[in-house]
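Participant: Please read through the structure below; I'll follow up with questions.
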Amino acid sequence: MGSWLTYGLGSENQSLPGFIVISPAQPAQGAPLWTSSFLPATYQGTLVSDLKNPVANLSNAEFSVERQRQQLSTLRELNELHSKQRHEDSQLNARIASYELAFRMQMQAPEALTWIGKRRRQKSSTD
């Protein structure tokens, strides 16, 4: 359902996934529960299982933000050359987009996911 909503309505935020799946652990069925089916792979959900550390490897202590941006720009150029040899490969295009999204998430996800955690705590304290 989340894939279809994201596909139909889009997303105002280009720095975070279109929809996330919040679960304490990965269900036995795994990603097929939130896959995009026959929609382009870009619309697949993103699993968040630990709100204290929601996205593994989110920060990079070895490289500055500017250096990471340079690396991704170079990688984008290489990916564009590679994708020109393939005709409309949605999985390849989704993979390329995921690298760009990962970088943007590094900048905005900590704040957004902290907000989700605060809202959950507020809700549980009012119950």
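Just remember, in the structure tokens the first chain shown is A, the second B, etc., residues are 1-based per chain, and ligands are 1-based in the order shown.
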Would you please give, as a ChimeraX atom specification, all residues of chain A that DSSP assigns to strand (DSSP E or B) based on the backbone?
Facilitator: /A:20-22,46-48
Participant: Smallest atom-to-atom distance to Ser15 in chain A: which of A:Thr114, A:Gln85, A:Leu101, A:Phe38, using only C-alpha atoms?
Facilitator: A:Leu101
Participant: Among range 2-115 of chain A, which residues carry a DSSP assignment of helix (DSSP H, G or I), reported as an MDAnalysis selection string?
Facilitator: chainID A and resid 2:9 31:33 41:43 65:84 90:115
Participant: At a cut-off of 10 Å, using only C-alpha atoms, what residues contact Met105 in chain A? Leave out same-chain residues fewer than 4 positions from it and give the result as an MDAnalysis selection string.
Facilitator: chainID A and resid 14:17 55 58:59 98:101 109:112
Participant: Using only C-alpha atoms, which protein or nucleic acid residues come within 9 Å of Tyr43 in chain A? Drop anything in the same chain fewer than 6 positions from it, and give the result as a list of chain:residue names.
Facilitator: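 Surrounding residues, per the criterion: A:Gly2, A:Ser3, A:Trp4, A:Thr6, A:Tyr7, A:Pro17, A:Gly18, A:Phe19, A:Thr35, A:Ser36, A:Ala94.
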Participant: Calculated over only C-alpha atoms, which of the candidates A:Thr46, A:Gln106, A:Gln26, A:Thr74 has the smallest distance to Asn60 in chain A?
Facilitator: A:Gln106
Participant: Just how far from CA of Phe103 in chain A is CA of Ser49 in chain A, in Å to one decimal?
Facilitator: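 Distance between the two atoms: 19.9 Å.
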Participant: Hey, which of A:Ala97, A:Ala25, A:Leu39, A:Ala61 ends up closest to Asn79 in chain A? Count only C-alpha atoms.
Facilitator: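 Between A:Ala97, A:Ala25, A:Leu39, A:Ala61, the residue approaching Asn79 in chain A most closely is A:Ala97.
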Participant: Using only C-alpha atoms for the distances, tell me which of A:Thr42, A:Val48, A:Ile22, A:Gly30 is nearest to Arg95 in chain A.
Facilitator: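 Of all the options, A:Thr42 lies closest to Arg95 in chain A.
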Participant: Of the candidates A:Gly45, A:Glu77, A:Met1, A:Gln108, which shows the shortest atom-to-atom distance to Ile20 in chain A, using only C-alpha atoms?
Facilitator: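 Nearest to Ile20 in chain A: A:Gly45.
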Participant: List as a PyMOL selection string the protein and nucleic acid residues near range 82-84 of chain A, meaning an atom at most 10 Å away when only C-alpha atoms are counted, but skip any in the same chain fewer than 6 places from it.
Facilitator: chain A and resi 76+92-93+96
Participant: Out of A:Ser37, A:Gln68, A:Gln29, A:Leu9, which residue has the shortest atom-to-atom distance to Ala102 in chain A when counting only C-alpha atoms?
Facilitator: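 Of the candidates, the smallest distance to Ala102 in chain A is held by A:Gln68.
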Participant: CA of Pro40 in chain A and CA of Arg104 in chain A, how far apart in Å?
Facilitator: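 Taking CA of Arg104 in chain A and CA of Pro40 in chain A, their separation equals 20.5 Å.
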Participant: Find the distance between CA of Leu47 in chain A and CA of Gly8 in chain A and write it in Å to one decimal.
Facilitator: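 Atom-to-atom, CA of Leu47 in chain A and CA of Gly8 in chain A are spaced 20.6 Å apart.
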